[in-house]
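Okay, start20.txt is below, compact mmCIF, C-alpha atoms and all ligand atoms:
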# COMPACT_ATOMS: atom_id res chain seq x y z
CA MET A 39 88.01 -14.07 110.53
CA SER A 40 89.66 -16.22 113.12
CA ASP A 41 92.81 -18.24 112.74
CA ASP A 42 91.40 -21.70 113.38
CA LEU A 43 90.19 -22.45 109.88
CA PHE A 44 90.36 -25.81 108.13
CA SER A 45 89.97 -26.57 104.46
CA VAL A 46 87.72 -29.63 104.17
CA ARG A 47 87.59 -31.28 100.77
CA MET A 48 85.71 -34.36 99.66
CA ARG A 49 85.82 -36.29 96.45
CA ALA A 50 84.02 -39.50 95.67
CA SER A 51 83.95 -41.97 92.83
CA GLN A 52 82.10 -45.10 91.78
CA TYR A 53 83.78 -47.79 89.65
CA GLY A 54 86.61 -45.31 89.13
CA ASP A 55 84.35 -42.57 87.72
CA HIS A 56 83.97 -39.20 89.40
CA LEU A 57 80.72 -38.98 91.37
CA SER A 58 80.83 -35.89 93.52
CA GLY A 59 83.10 -33.41 95.23
CA ALA A 60 82.82 -30.50 97.63
CA GLU A 61 84.93 -27.78 99.21
CA ARG A 62 84.42 -26.06 102.55
CA LEU A 63 86.29 -23.75 104.89
CA VAL A 64 85.26 -24.29 108.49
CA ARG A 65 86.35 -23.57 112.02
CA ALA A 66 88.25 -26.33 113.75
CA ALA A 67 85.29 -27.02 116.04
CA GLN A 68 83.07 -27.80 113.04
CA ALA A 69 85.59 -29.74 110.98
CA GLU A 70 84.55 -33.19 112.15
CA ALA A 71 80.83 -32.62 111.61
CA VAL A 72 81.36 -31.07 108.19
CA ALA A 73 83.61 -33.95 107.11
CA ALA A 74 80.87 -36.40 108.13
CA GLN A 75 78.28 -34.34 106.27
CA LEU A 76 80.33 -34.48 103.06
CA VAL A 77 80.82 -38.24 103.42
CA GLY A 78 77.05 -38.56 103.79
CA ARG A 79 76.56 -36.62 100.62
CA ALA A 80 78.87 -38.95 98.70
CA LEU A 81 77.07 -42.02 100.04
CA HIS A 82 73.65 -40.72 99.01
CA HIS A 83 74.30 -39.21 95.61
CA GLU A 84 71.61 -39.28 92.92
CA LYS A 85 74.06 -40.95 90.55
CA GLY A 86 74.62 -43.81 93.00
CA ALA A 87 76.58 -44.65 96.13
CA ALA A 88 80.29 -43.91 96.14
CA ASP A 89 82.66 -46.86 96.54
CA ARG A 90 85.66 -44.62 97.20
CA ILE A 91 85.52 -41.41 99.22
CA GLN A 92 88.49 -39.24 100.04
CA VAL A 93 88.26 -36.49 102.60
CA THR A 94 91.10 -34.07 103.24
CA LEU A 95 91.24 -31.76 106.24
CA GLU A 96 93.97 -29.19 106.21
CA TRP A 97 94.64 -26.51 108.76
CA LEU A 98 95.18 -23.09 107.21
CA ALA A 99 97.86 -20.78 108.50
CA PRO A 100 96.52 -17.45 109.80
CA GLY A 101 97.00 -14.57 107.40
CA GLU A 102 96.47 -16.86 104.43
CA ILE A 103 92.81 -15.94 104.11
CA ASP A 104 91.45 -13.33 101.66
CA SER A 105 87.95 -11.98 102.01
CA ALA A 106 85.82 -11.11 98.99
CA ARG A 107 82.34 -10.25 97.74
CA LEU A 108 80.21 -12.72 95.82
CA PRO A 109 79.24 -11.89 92.24
CA ASP A 110 75.78 -10.47 91.52
CA LEU A 111 73.27 -13.16 90.57
CA ARG A 112 70.47 -13.05 88.05
CA THR A 113 68.38 -15.62 86.22
CA ILE A 114 67.42 -15.75 82.58
CA ARG A 115 64.41 -17.88 81.74
CA VAL A 116 64.78 -19.84 78.53
CA ASP A 117 62.26 -22.17 76.87
CA ASP A 118 64.51 -25.21 76.63
CA PHE A 119 68.15 -26.27 76.66
CA ARG A 120 68.66 -25.36 73.02
CA GLN A 121 67.69 -21.77 73.65
CA GLY A 122 69.74 -21.88 76.87
CA ARG A 123 72.85 -22.96 75.00
CA CYS A 124 72.31 -20.29 72.34
CA ALA A 125 71.99 -17.69 75.09
CA ALA A 126 75.12 -19.01 76.82
CA LEU A 127 77.08 -18.70 73.58
CA GLN A 128 75.96 -15.10 73.19
CA LEU A 129 76.82 -14.27 76.79
CA LEU A 130 80.26 -15.81 76.41
CA LYS A 131 80.82 -13.77 73.27
CA LYS A 132 80.11 -10.60 75.29
CA THR A 133 82.83 -11.60 77.75
CA GLY A 134 85.39 -11.84 74.97
CA VAL A 135 85.41 -15.59 74.44
CA ALA A 136 85.72 -16.38 70.73
CA PRO A 137 82.61 -18.12 69.37
CA ARG A 138 84.61 -21.14 68.23
CA ALA A 139 86.12 -21.51 71.70
CA ALA A 140 82.70 -21.27 73.35
CA GLU A 141 81.24 -23.78 70.91
CA ALA A 142 84.12 -26.21 71.34
CA ALA A 143 83.76 -26.12 75.12
CA MET A 144 80.02 -26.62 74.91
CA THR A 145 80.42 -29.60 72.60
CA SER A 146 82.89 -31.20 75.02
CA LEU A 147 80.62 -30.64 78.03
CA ALA A 148 77.63 -32.07 76.18
CA ALA A 149 79.56 -35.20 75.24
CA GLY A 150 81.22 -35.68 78.66
CA ALA A 151 84.58 -33.92 78.73
CA ALA A 152 86.63 -36.71 80.31
CA PRO A 153 87.98 -39.56 78.17
CA GLY A 154 85.23 -42.02 77.23
CA GLY A 155 82.50 -39.38 77.52
CA ARG A 156 82.62 -39.39 81.31
CA SER A 157 82.42 -36.52 83.80
CA MET A 158 85.61 -34.78 84.76
CA ARG A 159 86.52 -34.36 88.40
CA GLY A 160 87.39 -30.71 87.84
CA ALA A 161 87.08 -28.20 85.03
CA MET A 162 88.44 -27.85 81.51
CA LEU A 163 90.82 -24.93 80.98
CA VAL A 164 89.95 -23.54 77.58
CA ASP A 165 91.95 -21.03 75.56
CA ALA A 166 89.43 -18.23 75.00
CA ALA A 167 90.72 -17.49 71.50
CA SER A 168 91.45 -20.90 69.98
CA GLY A 169 89.25 -23.21 72.06
CA ALA A 170 92.24 -25.47 72.76
CA ARG A 171 92.08 -27.42 76.01
CA LEU A 172 94.99 -26.53 78.26
CA GLU A 173 94.54 -28.82 81.28
CA LYS A 174 97.13 -31.55 81.30
CA ASP A 175 94.89 -34.29 82.66
CA GLN A 176 91.52 -34.43 80.89
CA ALA A 177 89.96 -36.71 83.50
CA ARG A 178 90.96 -34.61 86.50
CA GLY A 179 90.94 -31.13 85.00
CA VAL A 180 91.65 -28.30 87.40
CA ARG A 181 89.77 -27.76 90.64
CA ALA A 182 88.82 -24.51 92.26
CA SER A 183 89.48 -25.10 95.90
CA ARG A 184 89.72 -23.46 99.35
CA MET A 185 86.71 -21.16 99.13
CA ASP A 186 83.52 -20.80 101.16
CA LEU A 187 81.06 -18.35 102.70
CA SER A 188 81.50 -16.75 106.10
CA ALA A 189 78.75 -17.66 108.56
CA SER A 190 77.13 -14.22 108.28
CA ALA A 191 77.32 -14.13 104.49
CA GLU A 192 75.76 -17.59 104.36
CA CYS A 193 72.88 -16.36 106.45
CA VAL A 194 72.29 -13.28 104.28
CA LEU A 195 72.67 -15.27 101.07
CA ARG A 196 70.23 -17.98 102.13
CA LYS A 197 67.57 -15.42 103.04
CA GLY A 198 68.02 -13.60 99.73
CA LEU A 199 67.99 -16.79 97.67
CA ALA A 200 64.97 -18.13 99.56
CA ARG A 201 63.01 -15.06 98.43
CA LEU A 202 63.79 -16.08 94.85
CA GLY A 203 63.03 -19.77 95.46
CA LEU A 204 66.71 -20.56 94.90
CA ASP A 205 68.05 -21.50 98.30
CA ASN A 206 69.57 -24.85 97.41
CA LEU A 207 73.05 -26.36 97.61
CA HIS A 208 73.63 -26.31 93.84
CA VAL A 209 73.10 -22.56 93.63
CA ARG A 210 75.01 -21.67 96.80
CA GLU A 211 78.03 -23.81 95.99
CA ALA A 212 78.14 -22.79 92.33
CA LEU A 213 77.95 -19.09 93.21
CA VAL A 214 80.88 -19.43 95.61
CA LEU A 215 82.88 -21.46 93.12
CA ALA A 216 82.22 -19.00 90.30
CA GLY A 217 83.13 -16.14 92.64
CA LYS A 218 86.57 -17.62 93.08
CA VAL A 219 87.00 -18.61 89.43
CA ILE A 220 86.17 -15.24 87.87
CA THR A 221 88.46 -13.35 90.23
CA THR A 222 91.40 -15.54 89.28
CA PRO A 223 93.78 -13.47 87.14
CA GLY A 224 93.84 -14.77 83.57
CA ILE A 225 90.32 -16.27 83.62
CA ILE A 226 87.74 -14.30 81.66
CA ALA A 227 84.62 -16.42 82.01
CA GLU A 228 83.13 -19.70 83.18
CA LEU A 229 80.47 -21.95 81.67
CA CYS A 230 78.82 -24.64 83.78
CA TRP A 231 76.02 -27.09 84.00
CA SER A 232 75.72 -29.97 86.42
CA ASP A 233 76.40 -33.60 85.65
CA ASP A 234 73.60 -34.53 88.07
CA PRO A 235 70.85 -35.90 85.78
CA SER A 236 67.98 -33.99 87.41
CA TYR A 237 69.68 -30.58 87.68
CA ILE A 238 69.21 -28.76 84.37
CA ALA A 239 69.99 -25.12 85.16
CA GLY A 240 73.48 -23.78 84.53
CA TYR A 241 75.31 -20.50 84.27
CA VAL A 242 77.77 -18.23 82.55
CA ALA A 243 79.89 -16.09 84.87
CA SER A 244 82.40 -13.32 84.27
CA PRO A 245 83.66 -10.26 86.13
CA GLN A 246 81.44 -7.94 84.05
CA LEU A 247 78.31 -10.12 83.79
CA GLY A 248 78.43 -11.58 87.28
CA TYR A 249 76.71 -14.92 87.74
CA VAL A 250 74.03 -15.33 85.07
CA ARG A 251 71.83 -18.39 85.53
CA LEU A 252 70.07 -20.01 82.61
CA THR A 253 67.05 -22.09 83.57
CA HIS A 254 67.88 -24.85 81.09
CA LEU A 255 71.27 -25.85 79.79
CA LYS A 256 70.58 -29.55 79.31
CA PRO A 257 67.64 -31.93 78.97
CA VAL A 258 66.32 -33.67 82.11
CA GLY A 259 67.99 -37.04 82.71
CA GLU A 260 71.19 -36.14 80.88
CA PRO A 261 74.19 -37.40 82.89
CA CYS A 262 76.82 -35.20 81.21
CA GLY A 263 77.90 -31.83 82.49
CA GLY A 264 80.88 -30.01 83.84
CA ARG A 265 82.76 -26.76 83.77
CA ALA A 266 84.90 -24.76 81.37
CA PHE A 267 87.17 -21.98 82.63
CA PHE A 268 88.06 -19.71 79.72
CA VAL A 269 91.59 -18.44 79.85
CA ARG A 270 93.02 -15.34 78.20
CA SER A 271 95.61 -16.64 75.81
CA GLU A 272 98.07 -13.72 75.93
CA ALA A 273 100.82 -13.69 78.52
CA LEU A 274 99.65 -16.81 80.17
CA ASP A 275 101.32 -18.34 83.17
CA LEU A 276 99.28 -21.51 83.56
CA GLN A 277 101.16 -22.75 86.62
CA LYS A 278 100.37 -19.54 88.45
CA LEU A 279 96.74 -19.56 87.36
CA ILE A 280 96.25 -23.13 88.54
CA ALA A 281 98.05 -22.47 91.82
CA HIS A 282 95.74 -19.51 92.41
CA LEU A 283 92.62 -21.56 91.65
CA GLU A 284 93.61 -24.45 93.85
CA GLN A 285 95.51 -22.79 96.68
CA ARG A 286 94.40 -19.24 97.38
CA VAL A 287 92.04 -19.19 100.34
CA VAL A 288 88.98 -17.04 99.74
CA LEU A 289 86.23 -16.48 102.26
CA PHE A 290 83.23 -14.62 100.85
CA ASP A 291 81.96 -12.36 103.59
CA GLN A 292 79.78 -10.12 101.42
CA VAL A 293 76.85 -11.03 99.22
CA GLY A 294 76.23 -9.42 95.82
CA ARG A 295 72.91 -8.29 94.37
CA LEU A 296 70.33 -11.03 93.88
CA GLU A 297 67.90 -10.32 91.06
CA GLY A 298 64.66 -11.98 90.02
CA GLU A 299 64.07 -13.90 86.84
CA ILE A 300 63.71 -12.29 83.41
CA SER A 301 63.15 -13.91 80.05
CA TRP A 302 65.93 -14.18 77.47
CA GLY A 303 63.96 -11.91 75.13
CA ASP A 304 64.06 -9.12 77.74
CA PHE A 305 67.73 -9.49 78.55
CA ASP A 306 69.84 -6.55 77.43
CA GLY A 307 73.17 -7.36 79.00
N1 LIG B 1 86.48 -27.02 90.54
C1 LIG B 1 86.42 -27.28 89.23
N2 LIG B 1 85.44 -28.00 88.66
C2 LIG B 1 84.50 -28.52 89.47
C3 LIG B 1 84.50 -28.30 90.86
C4 LIG B 1 85.56 -27.51 91.41
N3 LIG B 1 85.64 -27.26 92.70
N4 LIG B 1 83.44 -28.94 91.39
C5 LIG B 1 82.79 -29.52 90.36
N5 LIG B 1 83.43 -29.28 89.20
C6 LIG B 1 83.06 -29.75 87.86
C7 LIG B 1 83.15 -31.26 87.75
O1 LIG B 1 83.51 -31.58 86.43
C8 LIG B 1 81.72 -31.71 88.01
O2 LIG B 1 81.45 -32.93 87.38
C9 LIG B 1 80.94 -30.57 87.36
O3 LIG B 1 81.72 -29.40 87.62
C10 LIG B 1 79.54 -30.38 87.86
O4 LIG B 1 79.54 -30.28 89.27
O5 LIG B 1 72.53 -21.48 89.78
O6 LIG B 1 75.69 -28.63 90.60
O7 LIG B 1 78.48 -30.09 91.49
O8 LIG B 1 71.10 -23.12 89.55
O9 LIG B 1 77.28 -31.33 89.58
C11 LIG B 1 75.04 -24.98 88.35
C12 LIG B 1 73.77 -24.17 88.39
C13 LIG B 1 75.02 -26.25 89.19
C14 LIG B 1 73.44 -23.71 89.76
C15 LIG B 1 76.33 -26.91 89.02
O10 LIG B 1 77.64 -28.82 89.47
C16 LIG B 1 72.28 -22.68 89.69
C17 LIG B 1 76.49 -28.20 89.79
P1 LIG B 1 78.17 -30.21 90.03
MG MG B 2 77.69 -33.37 90.12
Starting from the coordinates I provided, produce the structure as structure tokens.
Ligand code: WAQ
Ligand code: MG
Amino acid sequence: MSDDLFSVRMRASQYGDHLSGAERLVRAAQAEAVAAQLVGRALHHEKGAADRIQVTLEWLAPGEIDSARLPDLRTIRVDDFRQGRCAALQLLKKTGVAPRAAEAAMTSLAAGAAPGGRSMRGAMLVDAASGARLEKDQARGVRASRMDLSASAECVLRKGLARLGLDNLHVREALVLAGKVITTPGIIAELCWSDDPSYIAGYVASPQLGYVRLTHLKPVGEPCGGRAFFVRSEALDLQKLIAHLEQRVVLFDQVGRLEGEISWGDFDG
């Protein structure tokens, strides 16, 4: 990859509450257009128009960029969000997250994990054994940052997802984000569903499982959602883990396997 890459990051809020955020890595020539695109997204969000939008463009030094392969993707069809959450708990258990930690994280996400039941700007960091929250600011959380698809991987991914009826921004961005999160040393799994009221699918991701979508993780219209990154509690260097999540530059230039939908009853791990 060339040496003229910028990190472009947007975050937007309304009345002080987090509304939307996005992360891109783009060539210098595209930086201006992409910044404008992200501002547009913040101004036309389904939760309302942003009244504060921050965009950061940062040139990345050559040699700072790691390339990687996206996780494999599959979809499990569940009847409703209750079954989806049950399935998510079982998947998390397979990854080594203690049931009480998975349940605690799920309860926080369902209630709105930021103070006052609001959406966090980033993710919770959850101790995979105890369920304790480790992020020091429960409104901000921690953000995975400085990751994107290469142009060729984006092209391949979009074609593959289109075949499955899944070529949308939620899926593409979440797959890239999860790809960075689950390759961060110390993180064993991620649980996510959107805070956008109309987007009800979510996922569990881990190095062994890959990116496992669940068709329902919340009821339609529900404004709460977010992310939990489950952290191995032994030998933990949180500063290092957070620095890796926020700073390491990862460009996904290879796409993983993309599988069709199966029902939860047919899932065998
Ligand atoms: N790092 C950490 N946490 C983040 C980040 C980030 N870069 N971006 C968003 N979050 C957190 C934050 O708390 C948001 O409020 C929450 O996640 C939800 O973000 O396969 O669209 O962008 O069908 O609303 C998942 C399923 C969609 C996709 C997730 O999340 C699929 C989604 P949203
Ligand atoms: Mg959102």
Test item: residues lying within 7 Å of ligand MG 2 (chain B) with only C-alpha atoms and all ligand atoms, as a PDB file with C-alpha atoms, in the frame of the given file:
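Result saved to result-v2.pdb:
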ATOM      1  CA  LEU A  57      80.720 -38.980  91.370  1.00  0.00           C
ATOM      2  CA  SER A  58      80.830 -35.890  93.520  1.00  0.00           C
ATOM      3  CA  SER A 232      75.720 -29.970  86.420  1.00  0.00           C
ATOM      4  CA  ASP A 233      76.400 -33.600  85.650  1.00  0.00           C
ATOM      5  CA  ASP A 234      73.600 -34.530  88.070  1.00  0.00           C
TER       6      ASP A 234
END
Per-residue nearest contacts of chain A to ligand LIG 1 (chain B) (7 Å; all atoms listed in the file) as a tab-separated table:
residue	atom	partner	partner_atom	distance
A:Ser58	CA	B:LIG1	O7	6.6
A:Gly59	CA	B:LIG1	N4	5.9
A:Ala60	CA	B:LIG1	N4	6.5
A:Glu61	CA	B:LIG1	N3	6.6
A:Ser157	CA	B:LIG1	O2	5.2
A:Met158	CA	B:LIG1	O1	4.2
A:Arg159	CA	B:LIG1	O1	4.5
A:Gly160	CA	B:LIG1	N2	3.4
A:Ala161	CA	B:LIG1	N2	4.0
A:Val180	CA	B:LIG1	C1	5.6
A:Arg181	CA	B:LIG1	N1	3.4
A:Ala182	CA	B:LIG1	N1	3.8
A:Ser183	CA	B:LIG1	N3	5.4
A:His208	CA	B:LIG1	O6	4.5
A:Val209	CA	B:LIG1	C16	4.0
A:Ala212	CA	B:LIG1	C14	5.4
A:Leu213	CA	B:LIG1	O5	6.8
A:Leu215	CA	B:LIG1	N3	6.4
A:Cys230	CA	B:LIG1	C11	5.9
A:Trp231	CA	B:LIG1	C11	4.9
A:Ser232	CA	B:LIG1	O9	3.8
A:Asp233	CA	B:LIG1	O9	4.6
A:Asp234	CA	B:LIG1	O9	5.1
A:Tyr237	CA	B:LIG1	O6	7.0
A:Ala239	CA	B:LIG1	O8	5.0
A:Gly240	CA	B:LIG1	C12	3.9
A:Tyr241	CA	B:LIG1	C12	5.7
A:Arg251	CA	B:LIG1	O5	5.3
A:Gly263	CA	B:LIG1	C10	5.8
A:Gly264	CA	B:LIG1	C9	3.6
A:Arg265	CA	B:LIG1	O3	4.8
| task | Would you please work out which residue, of A:Cys124, A:Leu76, A:Val288, A:Leu147, is nearest to A:Asp104 when using only C-alpha atoms? | result |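 Looking at the shortest contact to A:Asp104, the residue is A:Val288.
The shortest atom-to-atom distance to A:Gln246, with all atoms listed in the file taken into account, belongs to A:Ile220 out of A:Met48, A:Ile220, A:Ala66, A:Ala73.
Atom pair atom CA of A:Phe44 / atom CA of A:Arg79 has a distance of 19.1 Å (rounded to one decimal).
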| message | Counting all atoms listed in the file, which residue out of A:Gly54, A:Gly298, A:Gly122, A:Gly303 sits closest to A:Leu202? | response |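 The answer is A:Gly298, which sits nearest to A:Leu202.
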| message | Just the number, please: distance in Å from atom CA of A:Val242 to atom CA of A:Gly134, one decimal. | response |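 Computing the Euclidean distance for atom CA of A:Val242 and atom CA of A:Gly134 yields 12.5 Å.
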| message | Excluding stretch 86-95 of chain A and its own-chain neighbours fewer than 5 positions away, which residues fall within 8 Å of it when counting all atoms listed in the file? Please give them as a PyMOL selection string. | response | chain A and resi 44-53+57+69+73+77+80-81
Can you sort out stretch 126-137 of chain A so it carries all heavy atoms, written as a PDB file, keeping the file's coordinate frame?
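Result file rebuild-v9.pdb:
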ATOM      1  N   ALA A 126      73.796 -18.898  76.179  1.00  0.00           N
ATOM      2  CA  ALA A 126      75.120 -19.010  76.820  1.00  0.00           C
ATOM      3  C   ALA A 126      76.216 -18.625  75.835  1.00  0.00           C
ATOM      4  O   ALA A 126      77.163 -17.930  76.201  1.00  0.00           O
ATOM      5  CB  ALA A 126      75.337 -20.435  77.334  1.00  0.00           C
ATOM      6  N   LEU A 127      76.074 -19.056  74.590  1.00  0.00           N
ATOM      7  CA  LEU A 127      77.080 -18.700  73.580  1.00  0.00           C
ATOM      8  C   LEU A 127      77.137 -17.187  73.391  1.00  0.00           C
ATOM      9  O   LEU A 127      78.215 -16.594  73.294  1.00  0.00           O
ATOM     10  CB  LEU A 127      76.784 -19.384  72.245  1.00  0.00           C
ATOM     11  CG  LEU A 127      77.020 -20.901  72.197  1.00  0.00           C
ATOM     12  CD1 LEU A 127      76.566 -21.479  70.850  1.00  0.00           C
ATOM     13  CD2 LEU A 127      78.491 -21.250  72.448  1.00  0.00           C
ATOM     14  N   GLN A 128      75.971 -16.555  73.365  1.00  0.00           N
ATOM     15  CA  GLN A 128      75.960 -15.100  73.190  1.00  0.00           C
ATOM     16  C   GLN A 128      76.544 -14.377  74.401  1.00  0.00           C
ATOM     17  O   GLN A 128      77.250 -13.378  74.256  1.00  0.00           O
ATOM     18  CB  GLN A 128      74.541 -14.621  72.901  1.00  0.00           C
ATOM     19  CG  GLN A 128      74.076 -15.079  71.521  1.00  0.00           C
ATOM     20  CD  GLN A 128      72.759 -14.441  71.111  1.00  0.00           C
ATOM     21  OE1 GLN A 128      72.582 -13.240  71.233  1.00  0.00           O
ATOM     22  NE2 GLN A 128      71.835 -15.263  70.632  1.00  0.00           N
ATOM     23  N   LEU A 129      76.240 -14.884  75.582  1.00  0.00           N
ATOM     24  CA  LEU A 129      76.820 -14.270  76.790  1.00  0.00           C
ATOM     25  C   LEU A 129      78.338 -14.418  76.792  1.00  0.00           C
ATOM     26  O   LEU A 129      79.061 -13.476  77.119  1.00  0.00           O
ATOM     27  CB  LEU A 129      76.229 -14.932  78.050  1.00  0.00           C
ATOM     28  CG  LEU A 129      74.756 -14.644  78.329  1.00  0.00           C
ATOM     29  CD1 LEU A 129      74.224 -15.564  79.433  1.00  0.00           C
ATOM     30  CD2 LEU A 129      74.550 -13.188  78.716  1.00  0.00           C
ATOM     31  N   LEU A 130      78.807 -15.588  76.430  1.00  0.00           N
ATOM     32  CA  LEU A 130      80.260 -15.810  76.410  1.00  0.00           C
ATOM     33  C   LEU A 130      80.943 -14.892  75.407  1.00  0.00           C
ATOM     34  O   LEU A 130      82.034 -14.391  75.645  1.00  0.00           O
ATOM     35  CB  LEU A 130      80.574 -17.280  76.111  1.00  0.00           C
ATOM     36  CG  LEU A 130      80.283 -18.227  77.284  1.00  0.00           C
ATOM     37  CD1 LEU A 130      80.323 -19.689  76.826  1.00  0.00           C
ATOM     38  CD2 LEU A 130      81.278 -18.017  78.432  1.00  0.00           C
ATOM     39  N   LYS A 131      80.267 -14.670  74.280  1.00  0.00           N
ATOM     40  CA  LYS A 131      80.820 -13.770  73.270  1.00  0.00           C
ATOM     41  C   LYS A 131      80.998 -12.356  73.854  1.00  0.00           C
ATOM     42  O   LYS A 131      82.021 -11.710  73.641  1.00  0.00           O
ATOM     43  CB  LYS A 131      79.870 -13.747  72.067  1.00  0.00           C
ATOM     44  CG  LYS A 131      80.499 -13.219  70.808  1.00  0.00           C
ATOM     45  CD  LYS A 131      79.557 -13.416  69.633  1.00  0.00           C
ATOM     46  CE  LYS A 131      79.982 -12.505  68.490  1.00  0.00           C
ATOM     47  NZ  LYS A 131      78.980 -12.508  67.418  1.00  0.00           N
ATOM     48  N   LYS A 132      80.006 -11.912  74.628  1.00  0.00           N
ATOM     49  CA  LYS A 132      80.110 -10.600  75.290  1.00  0.00           C
ATOM     50  C   LYS A 132      81.329 -10.506  76.206  1.00  0.00           C
ATOM     51  O   LYS A 132      81.883  -9.433  76.417  1.00  0.00           O
ATOM     52  CB  LYS A 132      78.893 -10.361  76.207  1.00  0.00           C
ATOM     53  CG  LYS A 132      77.652  -9.859  75.551  1.00  0.00           C
ATOM     54  CD  LYS A 132      76.605  -9.682  76.674  1.00  0.00           C
ATOM     55  CE  LYS A 132      75.191  -9.588  76.140  1.00  0.00           C
ATOM     56  NZ  LYS A 132      74.925  -8.314  75.451  1.00  0.00           N
ATOM     57  N   THR A 133      81.698 -11.633  76.803  1.00  0.00           N
ATOM     58  CA  THR A 133      82.830 -11.600  77.750  1.00  0.00           C
ATOM     59  C   THR A 133      84.168 -11.613  77.027  1.00  0.00           C
ATOM     60  O   THR A 133      85.217 -11.493  77.670  1.00  0.00           O
ATOM     61  CB  THR A 133      82.804 -12.796  78.726  1.00  0.00           C
ATOM     62  OG1 THR A 133      83.131 -13.992  77.994  1.00  0.00           O
ATOM     63  CG2 THR A 133      81.460 -12.962  79.405  1.00  0.00           C
ATOM     64  N   GLY A 134      84.137 -11.830  75.716  1.00  0.00           N
ATOM     65  CA  GLY A 134      85.390 -11.840  74.970  1.00  0.00           C
ATOM     66  C   GLY A 134      85.879 -13.227  74.595  1.00  0.00           C
ATOM     67  O   GLY A 134      86.976 -13.388  74.064  1.00  0.00           O
ATOM     68  N   VAL A 135      85.059 -14.235  74.872  1.00  0.00           N
ATOM     69  CA  VAL A 135      85.410 -15.590  74.440  1.00  0.00           C
ATOM     70  C   VAL A 135      85.059 -15.719  72.955  1.00  0.00           C
ATOM     71  O   VAL A 135      83.956 -15.354  72.551  1.00  0.00           O
ATOM     72  CB  VAL A 135      84.641 -16.653  75.260  1.00  0.00           C
ATOM     73  CG1 VAL A 135      84.913 -18.059  74.732  1.00  0.00           C
ATOM     74  CG2 VAL A 135      84.997 -16.556  76.747  1.00  0.00           C
ATOM     75  N   ALA A 136      85.988 -16.217  72.163  1.00  0.00           N
ATOM     76  CA  ALA A 136      85.720 -16.380  70.730  1.00  0.00           C
ATOM     77  C   ALA A 136      84.625 -17.413  70.532  1.00  0.00           C
ATOM     78  O   ALA A 136      84.596 -18.434  71.229  1.00  0.00           O
ATOM     79  CB  ALA A 136      86.988 -16.816  70.008  1.00  0.00           C
ATOM     80  N   PRO A 137      83.698 -17.172  69.586  1.00  0.00           N
ATOM     81  CA  PRO A 137      82.610 -18.120  69.370  1.00  0.00           C
ATOM     82  C   PRO A 137      83.088 -19.566  69.179  1.00  0.00           C
ATOM     83  O   PRO A 137      82.513 -20.495  69.733  1.00  0.00           O
ATOM     84  CB  PRO A 137      81.922 -17.588  68.106  1.00  0.00           C
ATOM     85  CG  PRO A 137      82.163 -16.103  68.174  1.00  0.00           C
ATOM     86  CD  PRO A 137      83.530 -15.948  68.770  1.00  0.00           C
TER      87      PRO A 137
END
